[in-house]
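Source file: target_38.cif; contents: mmCIF, C-alpha atoms and all ligand atoms.
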```cif
data_input
loop_
_atom_site.label_atom_id
_atom_site.label_comp_id
_atom_site.auth_asym_id
_atom_site.auth_seq_id
_atom_site.Cartn_x
_atom_site.Cartn_y
_atom_site.Cartn_z
CA MET N 401 13.48 -18.60 -13.68
CA SER N 402 10.42 -20.75 -13.04
CA LEU N 403 8.17 -20.25 -10.05
CA GLN N 404 7.71 -24.01 -9.69
CA GLY N 405 6.96 -24.85 -6.06
CA LYS N 406 7.27 -21.25 -4.85
CA LYS N 407 4.82 -20.43 -2.10
CA ILE N 408 3.18 -17.08 -2.60
CA LEU N 409 0.76 -15.23 -0.35
CA LEU N 410 -1.40 -12.90 -2.40
CA GLY N 411 -3.12 -10.15 -0.40
CA ILE N 412 -5.97 -8.33 -2.15
CA SER N 413 -7.51 -5.17 -0.73
CA ALA N 414 -10.52 -3.22 -1.95
CA GLY N 415 -9.17 -1.24 -4.87
CA ILE N 416 -10.87 -1.20 -8.22
CA ALA N 417 -7.77 -2.88 -9.74
CA ALA N 418 -8.70 -6.06 -7.85
CA TYR N 419 -10.58 -7.11 -10.97
CA LYS N 420 -7.21 -7.85 -12.61
CA ILE N 421 -6.05 -10.23 -9.88
CA PRO N 422 -7.71 -13.46 -11.12
CA LEU N 423 -5.50 -13.17 -14.20
CA LEU N 424 -2.43 -12.79 -11.95
CA VAL N 425 -3.45 -15.94 -10.04
CA ARG N 426 -3.72 -17.81 -13.35
CA LEU N 427 -0.27 -16.67 -14.44
CA LEU N 428 1.25 -17.70 -11.10
CA LYS N 429 -0.42 -21.10 -11.16
CA LYS N 430 0.63 -21.67 -14.76
CA GLU N 431 4.25 -21.33 -13.65
CA GLY N 432 3.77 -23.87 -10.90
CA ALA N 433 3.53 -21.52 -7.89
CA GLU N 434 1.35 -22.34 -4.91
CA VAL N 435 -0.90 -19.36 -4.23
CA GLN N 436 -2.78 -18.58 -1.04
CA VAL N 437 -5.18 -15.68 -1.47
CA LEU N 438 -5.89 -13.42 1.52
CA MET N 439 -8.63 -10.86 0.89
CA THR N 440 -9.98 -8.02 2.93
CA GLN N 441 -13.74 -8.13 3.51
CA ASN N 442 -14.11 -5.03 1.35
CA ALA N 443 -12.16 -6.59 -1.52
CA CYS N 444 -14.94 -9.17 -1.86
CA GLN N 445 -17.03 -6.29 -3.27
CA PHE N 446 -14.72 -6.09 -6.28
CA VAL N 447 -13.80 -9.68 -7.06
CA SER N 448 -15.42 -12.95 -6.12
CA ASP N 449 -13.72 -15.24 -3.65
CA LEU N 450 -15.20 -18.15 -5.57
CA THR N 451 -13.29 -17.13 -8.72
CA LEU N 452 -10.06 -16.73 -6.75
CA ALA N 453 -10.51 -19.99 -4.84
CA THR N 454 -11.18 -21.85 -8.10
CA LEU N 455 -8.13 -20.40 -9.84
CA SER N 456 -5.79 -20.79 -6.86
CA GLU N 457 -7.17 -24.21 -5.88
CA LYS N 458 -7.22 -23.09 -2.25
CA SER N 459 -9.89 -21.56 -0.04
CA VAL N 460 -9.64 -17.81 0.11
CA LEU N 461 -9.05 -16.46 3.63
CA SER N 462 -10.22 -13.13 4.91
CA GLU N 463 -11.25 -13.25 8.55
CA ILE N 464 -8.97 -14.11 11.43
CA PHE N 465 -11.72 -15.96 13.25
CA PRO N 466 -12.99 -18.72 10.96
CA LYS N 467 -16.76 -19.05 10.86
CA SER N 468 -16.79 -22.84 11.00
CA SER N 469 -16.35 -24.37 14.43
CA GLN N 470 -14.93 -27.41 12.61
CA VAL N 471 -11.71 -25.62 11.73
CA SER N 472 -8.86 -26.52 14.04
CA PRO N 473 -6.63 -23.70 15.34
CA THR N 474 -3.62 -25.36 13.76
CA SER N 475 -5.16 -25.51 10.28
CA TRP N 476 -4.05 -23.25 7.44
CA THR N 477 -6.42 -20.58 8.62
CA CYS N 478 -3.82 -19.81 11.26
CA HIS N 479 -2.17 -16.52 10.26
CA VAL N 480 1.09 -17.41 11.98
CA ALA N 481 1.49 -20.62 10.03
CA LEU N 482 0.85 -18.80 6.77
CA GLY N 483 3.70 -16.38 7.36
CA GLU N 484 6.02 -19.32 8.05
CA TRP N 485 4.79 -21.15 4.94
CA ALA N 486 5.29 -18.37 2.40
CA ASP N 487 8.39 -17.54 0.35
CA LEU N 488 6.97 -14.18 -0.70
CA TYR N 489 4.03 -11.92 0.19
CA VAL N 490 2.54 -9.90 -2.67
CA ILE N 491 -0.12 -7.31 -1.84
CA ALA N 492 -1.97 -6.13 -4.93
CA PRO N 493 -3.82 -3.90 -5.10
CA ALA N 494 -2.84 -2.20 -1.84
CA THR N 495 -5.44 0.43 -0.94
CA ALA N 496 -4.66 3.63 0.94
CA ASN N 497 -6.52 2.11 3.88
CA THR N 498 -4.53 -1.14 3.87
CA LEU N 499 -1.24 0.75 3.44
CA ALA N 500 -2.10 2.78 6.54
CA LYS N 501 -2.86 -0.37 8.50
CA LEU N 502 0.33 -2.10 7.39
CA ALA N 503 2.45 0.96 8.17
CA SER N 504 1.07 1.29 11.67
CA GLY N 505 0.91 -2.35 12.61
CA LEU N 506 -2.87 -2.79 12.69
CA CYS N 507 -3.92 -6.38 12.18
CA ASP N 508 -7.65 -6.88 12.24
CA ASP N 509 -7.99 -9.18 9.22
CA MET N 510 -6.07 -12.06 7.65
CA LEU N 511 -4.21 -9.87 5.17
CA THR N 512 -2.78 -7.52 7.80
CA ALA N 513 -2.33 -10.07 10.60
CA THR N 514 -0.36 -12.40 8.33
CA PHE N 515 1.75 -9.45 7.21
CA LEU N 516 2.77 -8.85 10.82
CA THR N 517 3.46 -12.45 11.71
CA MET N 518 5.54 -13.18 8.61
CA PRO N 519 9.22 -13.34 9.61
CA ALA N 520 11.06 -10.08 8.86
CA THR N 521 13.55 -11.94 6.69
CA LYS N 522 10.90 -12.78 4.08
CA PRO N 523 10.31 -10.43 1.17
CA ARG N 524 7.13 -8.40 0.66
CA LEU N 525 6.13 -6.71 -2.59
CA ILE N 526 3.44 -4.07 -2.29
CA PHE N 527 1.55 -2.60 -5.27
CA PRO N 528 -0.30 0.56 -4.18
CA SER N 529 -3.17 1.45 -6.45
CA MET N 530 -5.58 4.33 -6.04
CA ASP N 531 -6.81 7.59 -7.39
CA ARG N 532 -4.19 10.22 -8.28
CA GLU N 533 -4.82 12.70 -5.45
CA MET N 534 -5.17 9.89 -2.93
CA TYR N 535 -1.80 8.56 -4.07
CA ARG N 536 -0.20 11.99 -3.83
CA SER N 537 -1.62 12.64 -0.35
CA ARG N 538 0.90 13.15 2.39
CA SER N 539 -0.46 10.33 4.51
CA VAL N 540 -0.19 7.76 1.69
CA GLN N 541 3.34 8.94 0.86
CA ARG N 542 4.27 8.83 4.54
CA ASN N 543 2.89 5.32 4.96
CA MET N 544 4.73 4.06 1.89
CA LEU N 545 7.96 5.53 3.20
CA GLN N 546 7.41 3.82 6.53
CA LEU N 547 6.84 0.49 4.80
CA VAL N 548 10.04 0.89 2.79
CA GLU N 549 11.88 1.62 6.04
CA ASP N 550 10.30 -1.51 7.49
CA GLY N 551 11.89 -3.55 4.71
CA CYS N 552 9.06 -3.84 2.16
CA LYS N 553 9.47 -3.23 -1.53
CA ILE N 554 6.91 -0.77 -2.87
CA ILE N 555 6.34 -1.01 -6.61
CA GLU N 556 5.24 2.42 -7.74
CA PRO N 557 1.97 2.52 -9.64
CA GLU N 558 1.94 3.31 -13.33
CA SER N 559 0.66 6.53 -14.80
CA GLY N 560 -2.34 6.58 -17.08
CA GLU N 561 -6.12 6.72 -17.16
CA LEU N 562 -7.62 6.00 -13.76
CA ALA N 563 -11.02 4.56 -12.87
CA SER N 564 -12.08 8.02 -11.65
CA GLY N 565 -11.51 9.44 -15.13
CA LEU N 566 -8.47 11.39 -13.97
CA ILE N 567 -5.14 10.90 -15.66
CA GLY N 568 -2.05 10.44 -13.53
CA GLU N 569 -0.19 8.02 -11.30
CA GLY N 570 -2.12 5.40 -9.36
CA ARG N 571 -2.74 2.54 -11.80
CA MET N 572 -1.77 -0.92 -10.65
CA PRO N 573 0.67 -2.51 -13.12
CA GLU N 574 -0.82 -5.14 -15.44
CA PRO N 575 -0.58 -8.75 -14.16
CA GLU N 576 2.24 -9.48 -16.63
CA ASN N 577 4.28 -6.63 -15.12
CA ILE N 578 3.50 -7.83 -11.60
CA MET N 579 4.82 -11.22 -12.69
CA ALA N 580 8.04 -9.56 -13.89
CA SER N 581 8.51 -7.97 -10.44
CA ILE N 582 7.90 -11.33 -8.76
CA HIS N 583 10.43 -13.02 -11.03
CA SER N 584 13.01 -10.36 -10.36
CA GLU N 585 12.45 -10.69 -6.60
CA PHE N 586 13.06 -14.45 -6.71
CA GLN N 587 16.09 -13.92 -8.96
CA ASN N 588 17.57 -11.49 -6.43
CA MET N 589 16.86 -13.87 -3.58
CA LEU N 590 18.58 -16.72 -5.39
CA GLN N 591 21.74 -14.74 -5.93
CA ILE N 592 21.89 -12.91 -2.61
CA ASP N 593 21.16 -16.15 -0.76
CA ARG N 594 24.84 -16.94 -1.30
CA LEU N 595 25.41 -14.44 1.49
CA LYS N 596 23.51 -16.68 3.90
CA ASN N 597 25.58 -17.17 7.07
CA LYS N 598 28.30 -14.90 5.67
CA ARG N 599 29.56 -12.25 8.10
CA ILE N 600 29.16 -8.69 6.96
CA LEU N 601 30.65 -5.64 8.62
CA ILE N 602 29.07 -2.34 7.57
CA THR N 603 29.87 1.22 8.58
CA ALA N 604 27.18 3.87 8.16
CA GLY N 605 26.38 7.52 8.72
CA ALA N 606 28.45 10.58 9.48
CA THR N 607 31.15 10.81 12.09
CA ARG N 608 31.25 13.76 14.51
CA GLU N 609 34.60 15.33 15.32
CA LYS N 610 34.42 17.37 18.49
CA ILE N 611 35.49 21.00 18.59
CA ASP N 612 34.50 21.52 22.22
CA ASP N 613 31.96 19.94 24.59
CA VAL N 614 28.95 21.23 22.59
CA ARG N 615 30.14 21.60 18.98
CA PHE N 616 31.42 19.27 16.31
CA VAL N 617 32.47 19.04 12.64
CA SER N 618 30.37 16.60 10.62
CA ASN N 619 28.62 16.11 7.24
CA TYR N 620 25.13 15.51 5.86
CA SER N 621 25.22 11.71 5.72
CA SER N 622 22.03 10.23 7.20
CA GLY N 623 23.19 6.61 7.32
CA LYS N 624 20.29 5.49 5.11
CA MET N 625 22.46 3.63 2.59
CA GLY N 626 24.37 1.68 5.24
CA PHE N 627 21.18 0.84 7.13
CA ALA N 628 19.50 -0.34 3.91
CA LEU N 629 22.51 -2.58 3.22
CA ALA N 630 22.43 -3.96 6.76
CA GLY N 631 18.67 -4.65 6.59
CA GLU N 632 18.86 -6.37 3.20
CA ALA N 633 21.88 -8.47 4.16
CA ALA N 634 20.23 -9.63 7.40
CA LYS N 635 17.04 -10.39 5.49
CA HIS N 636 19.04 -12.80 3.35
CA GLY N 637 20.49 -14.65 6.31
CA ALA N 638 23.84 -12.88 6.70
CA GLU N 639 25.25 -12.09 10.15
CA VAL N 640 25.55 -8.33 10.20
CA VAL N 641 27.46 -5.92 12.42
CA LEU N 642 26.62 -2.28 11.74
CA ILE N 643 28.88 0.44 13.12
CA SER N 644 26.93 3.66 12.95
CA GLY N 645 27.45 7.35 13.50
CA LYS N 646 24.65 9.32 15.20
CA THR N 647 21.35 8.80 13.35
CA TYR N 648 17.63 8.70 14.05
CA LEU N 649 17.23 5.52 11.97
CA GLU N 650 15.89 2.35 13.54
CA THR N 651 18.16 -0.68 13.66
CA PRO N 652 17.05 -3.21 11.03
CA GLY N 653 15.85 -6.57 12.38
CA GLY N 654 18.59 -9.15 13.00
CA VAL N 655 21.42 -6.62 12.91
CA LYS N 656 23.94 -6.02 15.69
CA ARG N 657 24.44 -2.25 15.92
CA ILE N 658 27.32 -0.42 17.53
CA ASP N 659 27.01 3.36 17.95
CA ILE N 660 30.05 5.57 17.70
CA GLU N 661 30.69 9.29 17.30
CA SER N 662 34.12 9.98 15.85
CA ALA N 663 36.16 8.46 13.02
CA GLU N 664 38.69 7.17 15.54
CA GLU N 665 35.95 5.39 17.50
CA MET N 666 34.58 3.91 14.28
CA PHE N 667 38.08 2.69 13.39
CA GLU N 668 38.59 1.06 16.80
CA GLU N 669 35.25 -0.77 16.63
CA ALA N 670 35.83 -1.86 13.03
CA LYS N 671 39.22 -3.32 14.00
CA LEU N 672 37.45 -5.61 16.47
CA TYR N 673 35.22 -7.11 13.76
CA PHE N 674 37.26 -6.94 10.57
CA GLU N 675 38.97 -10.33 10.95
CA TRP N 676 35.61 -11.90 11.71
CA SER N 677 34.03 -10.51 8.55
CA ASP N 678 33.74 -12.02 5.08
CA VAL N 679 32.59 -8.73 3.59
CA PHE N 680 33.45 -5.21 4.72
CA ILE N 681 31.24 -2.43 3.36
CA SER N 682 32.26 1.10 4.15
CA ALA N 683 29.11 3.17 3.61
CA ALA N 684 29.95 5.72 6.31
CA ALA N 685 30.88 9.28 5.49
CA VAL N 686 33.97 9.40 7.67
CA ALA N 687 35.37 12.87 8.32
CA ASP N 688 38.75 13.20 6.63
CA TYR N 689 39.97 15.60 9.32
CA ARG N 690 39.31 16.28 13.01
CA PRO N 691 40.22 19.21 15.24
CA GLU N 692 43.73 18.60 16.52
CA LYS N 693 42.73 19.27 20.11
CA LYS N 694 39.26 19.27 21.61
CA ILE N 695 38.63 22.38 23.70
CA ASP N 696 37.46 21.59 27.22
CA GLY N 697 34.04 23.01 28.15
CA LYS N 698 32.27 25.48 25.83
CA PHE N 699 34.47 27.74 23.74
CA LYS N 700 33.63 31.41 24.58
CA LYS N 701 32.74 34.01 21.94
CA THR N 702 35.48 36.45 22.91
CA THR N 703 37.25 37.08 19.59
CA ASP N 704 36.06 38.01 16.07
CA SER N 705 37.65 34.93 14.60
CA PHE N 706 39.65 31.94 15.63
CA GLU N 707 41.66 29.23 13.91
CA LEU N 708 40.88 25.59 14.17
CA GLN N 709 43.83 23.33 13.46
CA MET N 710 42.69 20.10 11.81
CA VAL N 711 44.60 16.83 11.54
CA LYS N 712 44.01 13.85 9.30
CA ASN N 713 41.77 11.03 10.48
CA PRO N 714 42.69 7.39 9.83
CA ASP N 715 41.61 6.20 6.36
CA ILE N 716 39.50 3.26 7.55
CA LEU N 717 38.72 1.90 4.11
CA ALA N 718 42.32 2.06 2.88
CA HIS N 719 43.51 0.38 6.09
CA PHE N 720 41.18 -2.60 5.71
CA GLY N 721 41.67 -2.74 1.94
CA GLU N 722 45.35 -3.31 2.65
CA GLN N 723 44.72 -5.73 5.50
CA LYS N 724 42.19 -7.91 3.75
CA LYS N 725 43.00 -11.53 3.12
CA ARG N 726 42.36 -13.25 -0.19
CA ASN N 727 38.89 -14.46 0.70
CA GLN N 728 37.68 -11.16 2.16
CA ILE N 729 35.77 -8.60 0.14
CA ALA N 730 36.02 -4.87 0.65
CA ILE N 731 33.46 -2.47 -0.79
CA GLY N 732 33.71 1.30 -0.64
CA PHE N 733 31.67 4.30 -1.71
CA ALA N 734 33.02 7.23 -3.67
CA LEU N 735 31.28 10.59 -3.57
CA GLU N 736 32.83 12.69 -6.28
CA SER N 737 31.85 16.13 -7.53
CA SER N 738 34.17 16.13 -10.58
CA ASP N 739 36.02 13.57 -12.72
CA HIS N 740 33.74 11.00 -11.11
CA LEU N 741 34.81 7.84 -12.89
CA LYS N 742 38.51 8.60 -12.86
CA HIS N 743 38.54 9.19 -9.10
CA ALA N 744 36.41 6.12 -8.39
CA GLN N 745 38.73 3.92 -10.47
CA GLU N 746 41.74 5.35 -8.65
CA LYS N 747 40.09 4.62 -5.30
CA LEU N 748 39.34 1.03 -6.34
CA ILE N 749 43.00 0.36 -7.15
CA LYS N 750 44.71 2.52 -4.52
CA LYS N 751 42.66 1.13 -1.64
CA ASN N 752 42.71 -2.47 -2.92
CA LEU N 753 38.92 -2.75 -3.09
CA ASP N 754 36.72 -5.28 -4.84
CA VAL N 755 33.84 -2.94 -5.58
CA VAL N 756 33.35 0.82 -5.55
CA VAL N 757 29.93 2.44 -5.58
CA LEU N 758 30.15 5.86 -7.13
CA ASN N 759 27.56 8.52 -6.42
CA SER N 760 27.35 12.23 -6.99
CA PRO N 761 26.13 14.94 -4.61
CA ASN N 762 25.12 17.21 -7.50
CA ILE N 763 22.02 15.43 -8.80
CA ASP N 764 18.44 15.83 -7.49
CA GLY N 765 17.29 12.75 -5.59
CA ALA N 766 20.83 11.45 -5.15
CA GLY N 767 23.33 11.52 -2.32
CA PHE N 768 22.85 12.46 1.33
CA GLU N 769 19.65 12.37 3.39
CA VAL N 770 17.27 11.29 0.58
CA ASP N 771 15.82 7.79 0.12
CA THR N 772 17.02 7.49 -3.46
CA ASN N 773 20.35 7.59 -5.22
CA ILE N 774 21.96 7.32 -8.64
CA VAL N 775 25.00 5.09 -8.65
CA THR N 776 27.61 3.54 -10.90
CA ILE N 777 29.11 0.30 -9.66
CA LEU N 778 32.72 -0.48 -10.56
CA SER N 779 34.34 -3.80 -9.82
CA LYS N 780 37.97 -4.88 -9.71
CA GLU N 781 37.35 -7.06 -12.79
CA GLY N 782 36.92 -3.82 -14.69
CA ASP N 783 33.19 -3.75 -15.31
CA ILE N 784 31.37 -0.48 -14.85
CA GLN N 785 27.58 -0.39 -14.62
CA GLU N 786 25.51 2.77 -14.46
CA TYR N 787 22.06 2.68 -12.88
CA PRO N 788 19.12 5.10 -13.00
CA LEU N 789 17.53 6.79 -9.95
CA MET N 790 16.65 3.98 -7.53
CA SER N 791 15.63 3.57 -3.90
CA LYS N 792 18.55 3.01 -1.52
CA ARG N 793 17.00 -0.35 -0.67
CA ASP N 794 17.15 -1.44 -4.32
CA ILE N 795 20.71 -0.16 -4.54
CA ALA N 796 21.52 -2.22 -1.44
CA THR N 797 20.18 -5.28 -3.25
CA LEU N 798 22.39 -4.49 -6.26
CA ILE N 799 25.50 -4.12 -4.10
CA LEU N 800 24.82 -7.32 -2.20
CA LYS N 801 24.17 -9.15 -5.46
CA LYS N 802 27.50 -7.89 -6.71
CA SER N 803 29.32 -9.02 -3.56
CA SER N 804 27.58 -12.41 -3.63
CA CYS N 805 29.23 -13.07 -7.02
CA PHE N 806 32.55 -13.42 -5.20
CA PHE N 807 31.24 -16.41 -3.25
CA ASP N 808 30.65 -19.83 -4.75
CA LYS N 809 27.21 -21.33 -4.67
CA ASP N 810 27.03 -23.69 -1.64
C1 LIG R 901 -15.80 1.91 -6.54
C2 LIG R 901 -14.72 2.07 -5.53
C3 LIG R 901 -13.40 1.99 -5.95
C4 LIG R 901 -12.36 2.15 -5.03
N1 LIG R 901 -11.08 2.05 -5.46
C5 LIG R 901 -10.07 2.26 -4.60
C6 LIG R 901 -8.72 2.18 -5.04
O1 LIG R 901 -8.43 1.91 -6.21
N2 LIG R 901 -7.75 2.37 -4.13
C7 LIG R 901 -8.00 2.66 -2.83
O2 LIG R 901 -7.07 2.87 -2.04
N3 LIG R 901 -9.27 2.72 -2.37
C8 LIG R 901 -10.30 2.52 -3.22
N4 LIG R 901 -11.60 2.59 -2.77
C9 LIG R 901 -11.84 2.81 -1.33
C10 LIG R 901 -11.62 1.53 -0.53
O3 LIG R 901 -12.42 0.49 -1.06
C11 LIG R 901 -11.95 1.79 0.92
O4 LIG R 901 -11.04 2.71 1.46
C12 LIG R 901 -11.97 0.52 1.74
O5 LIG R 901 -12.27 0.85 3.09
C13 LIG R 901 -10.65 -0.21 1.70
O6 LIG R 901 -10.76 -1.39 2.44
P1 LIG R 901 -9.55 -2.43 2.63
O7 LIG R 901 -8.31 -1.65 2.60
O8 LIG R 901 -9.84 -3.09 3.91
O9 LIG R 901 -9.64 -3.41 1.49
C14 LIG R 901 -12.66 2.40 -3.67
C15 LIG R 901 -13.98 2.46 -3.26
C16 LIG R 901 -14.99 2.31 -4.16
C17 LIG R 901 -16.43 2.38 -3.70
#
```
Whole structure given in structure tokens:
Amino acid sequence: MSLQGKKILLGISAGIAAYKIPLLVRLLKKEGAEVQVLMTQNACQFVSDLTLATLSEKSVLSEIFPKSSQVSPTSWTCHVALGEWADLYVIAPATANTLAKLASGLCDDMLTATFLTMPATKPRLIFPSMDREMYRSRSVQRNMLQLVEDGCKIIEPESGELASGLIGEGRMPEPENIMASIHSEFQNMLQIDRLKNKRILITAGATREKIDDVRFVSNYSSGKMGFALAGEAAKHGAEVVLISGKTYLETPGGVKRIDIESAEEMFEEAKLYFEWSDVFISAAAVADYRPEKKIDGKFKKTTDSFELQMVKNPDILAHFGEQKKRNQIAIGFALESSDHLKHAQEKLIKKNLDVVVLNSPNIDGAGFEVDTNIVTILSKEGDIQEYPLMSKRDIATLILKKSSCFFDKD
């Protein structure tokens, strides 16, 4: 797709890779994008603002307080207006220092202040670039994780020869590869934008089934997949209700969250919203069984063993799969440890689903608690697509793209 008329903010911080950015500006302009460059003061040491202003055909901005007294507060130097103006914010290269500022909400220059004022629904692509050990440092990794949780897309640096002479990860991708990421971001937006104003009901996290007043039966689900789905859907203009088991995760912007503990509570809440929803995504790890009777108070350690009678919980996904009307879409997850595909296909048919996302608990980096997963997406039309290890946020984008296919373009 062409970038004609797309409005792109390009933030440049003081990494050595900044020398490649004039070429990126040329490529963007060639495709018809409007580019507003925001540079940190330190970045001016690496690349000239004159070059960037000439190529972008716009003044380069770096300080929040413009030097000239002629500039009106409502002019384009206003960081708030810039965030409103842009379709996409690309930060390349992103230094360790700028990542730290972005992750903690510091905003003492145009690059960081505009980042904060840009509406949460707009996409941000961040290209960290630095020396290998700097990149591997715990603080850089922590800050990147925080930014992903805040809804940004971090494009991992490439591996290769670094300016320091070391070999390893930390190289900013070449401008052509940055262009490919920008294209893919706009492509995703175009497709997922069909979900704008659609109503999406998502369940997330583990349920807790009480044994007594202080103990429960549960599982390792962190809720990260469901929260990533909720955040991405809201970012693309959907109305989102998220019913969540206990989790430490922050509620994504624009999402209505309802906290529950048990499968039965989740079921009751979901019943209230199911009719309202256009899409139902069951990302929760709902306990299949619960203790038949909760013991009052704290169960005393008086015997060597005891038996806990368990009874079946409601199958929330199967219930709504059956209930759904023709124009509603139901998406489920399948976590299988053997005969993966066979069981996922059975689930798709038996529970009357439109899409099943299959994942396995047996692979490193996939499944519960981690930020990444390896999935296969099966749809009722019969197509099966396998994907490599990806962030849960990118998987959320894939799932939403898949569900958007069921809706006509407005
Ligand atoms: C020659 C040179 C190259 C540098 N390259 C990088 C780099 O690639 N990545 C990085 O994070 N910091 C790099 N730094 C350090 C940053 O420039 C420094 O942390 C600076 O304060 C970042 O400022 P900014 O984030 O406001 O742009 C480099 C410094 C020098 C002197």
Contacts of Ile774 of chain N at 7 Å (all atoms listed in the file; same-chain gap of 5+ positions) as a ChimeraX atom specification: /N:759,766,787-790
statement: The residue from N:Lys792, N:Lys801, N:Lys501, N:Lys420 with the smallest atom-to-atom distance to ligand LIG 901 (chain R), counting all atoms listed in the file, is N:Lys501
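Compared by their closest atoms to Asn588 of chain N, and using only C-alpha atoms, the residues N:Ala633, N:Val655, N:Met572, N:Ile600 rank with N:Ala633 nearest.
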message: Could you list the protein, DNA and RNA residues that have any atom within 7 Å of ligand LIG 901 (chain R), counting all atoms listed in the file, and write them as a ChimeraX atom specification?
response: /N:413-417,440-443,494-498,529-531
Might you pull out every residue within 9 Å of Ser644 of chain N, with all atoms listed in the file counted and same-chain residues fewer than 2 positions away left off, and present them as a tab-separated table (two decimals) with C-alpha atoms, keeping the file's coordinate frame?
```
chain	number	residue	atom	x	y	z
N	602	ILE	CA	29.07	-2.34	7.57
N	603	THR	CA	29.87	1.22	8.58
N	604	ALA	CA	27.18	3.87	8.16
N	605	GLY	CA	26.38	7.52	8.72
N	606	ALA	CA	28.45	10.58	9.48
N	607	THR	CA	31.15	10.81	12.09
N	623	GLY	CA	23.19	6.61	7.32
N	626	GLY	CA	24.37	1.68	5.24
N	627	PHE	CA	21.18	0.84	7.13
N	642	LEU	CA	26.62	-2.28	11.74
N	646	LYS	CA	24.65	9.32	15.20
N	647	THR	CA	21.35	8.80	13.35
N	657	ARG	CA	24.44	-2.25	15.92
N	658	ILE	CA	27.32	-0.42	17.53
N	659	ASP	CA	27.01	3.36	17.95
N	660	ILE	CA	30.05	5.57	17.70
N	661	GLU	CA	30.69	9.29	17.30
N	666	MET	CA	34.58	3.91	14.28
N	684	ALA	CA	29.95	5.72	6.31
```
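With only the atoms specified (all atoms listed in the file) counting, those residues at most 6 Å away from (39.2, 18.9, 21.2) are Lys610, Ile611, Asp612, Lys693, Lys694 and Ile695 of chain N.
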Dump as an mmCIF file, in the frame of the given file, selection limited to C-alpha atoms:
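Result file follows (selection-v3.cif):
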```cif
data_model
loop_
_atom_site.group_PDB
_atom_site.id
_atom_site.type_symbol
_atom_site.label_atom_id
_atom_site.label_comp_id
_atom_site.auth_asym_id
_atom_site.auth_seq_id
_atom_site.Cartn_x
_atom_site.Cartn_y
_atom_site.Cartn_z
ATOM 1 C CA LYS N 610 34.420 17.370 18.490
ATOM 2 C CA ILE N 611 35.490 21.000 18.590
ATOM 3 C CA ASP N 612 34.500 21.520 22.220
ATOM 4 C CA LYS N 693 42.730 19.270 20.110
ATOM 5 C CA LYS N 694 39.260 19.270 21.610
ATOM 6 C CA ILE N 695 38.630 22.380 23.700
#
```
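Closest approach to Asp754 of chain N among N:Ala492, N:Leu717, N:Val425, N:Met401: N:Leu717, based on all atoms listed in the file.
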query: Counting only C-alpha atoms, which of N:Glu533, N:Glu675, N:Asp696, N:Glu746 gets nearest to Asn727 of chain N?
result: N:Glu675
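The protein and nucleic acid residues lying at most 7 Å from Lys712 of chain N are Asp688, Tyr689 and Arg690 of chain N, with all atoms listed in the file considered and sequence neighbours fewer than 6 positions away removed.
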Coordinates-based distance that separates atom CA of Met589 of chain N from atom CA of Ser402 of chain N (Å, one decimal): 13.4 Å
- request: May I ask for the distance between atom CA of Pro714 of chain N and atom CA of Val679 of chain N, given in Å to one decimal place?
  value: 20.0 Å
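You will find atom CA of Ala481 of chain N at 10.6 Å from atom CA of Pro519 of chain N.
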Centre and edges of the segment 711-729 of chain N box, axis-aligned, 5 Å extra per side, as AutoDock Vina command-line options:
```
--center_x 40.6 --center_y 1.2 --center_z 5.7 --size_x 19.6 --size_y 41.3 --size_z 21.7
```
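With all atoms listed in the file as the basis for measurement, N:Arg608 is the residue among N:Arg608, N:Lys406, N:Lys458, N:His636 that approaches Asn713 of chain N most closely.
In this comparison, which uses all atoms listed in the file, the residue of N:Gly653, N:Gly568, N:Gly411, N:Gly697 approaching Val490 of chain N most closely is N:Gly411.
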Point (1.8, 6.1, 5.8) neighbourhood (9 Å, all atoms listed in the file) written as a ChimeraX atom specification: /N:496,499-504,538-547
Counting only C-alpha atoms, what are the residues of segment 582-684 of chain N within 7 Å of segment 732-744 of chain N, and for each of them which pair of atoms is the nearest and at what distance in Å, to one decimal? Sort the table by chain and rising number, as a tab-separated table.
```
residue	atom	partner	partner_atom	distance
N:Ile681	CA	N:Gly732	CA	6.0
N:Ser682	CA	N:Gly732	CA	5.0
N:Ala683	CA	N:Phe733	CA	6.0
```
- prompt: Using all atoms listed in the file, which residues sit within 10 Å of segment 513-518 of chain N once same-chain residues fewer than 4 positions away are excluded, as a ChimeraX atom specification?
  reply: /N:409,411,438,463-464,478-491,501-502,505-509,522-524
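Around Gly570 of chain N, within 10 Å and counting all atoms listed in the file, the residues found are N:Phe527, N:Pro528, N:Ser529, N:Met530, N:Asp531, N:Arg532, N:Glu533, N:Met534, N:Tyr535, N:Arg536, N:Glu556, N:Pro557, N:Glu558, N:Ser559, N:Gly560, N:Glu561, N:Leu562, N:Ala563, N:Leu566, once anything fewer than 4 positions away on its own chain is removed.
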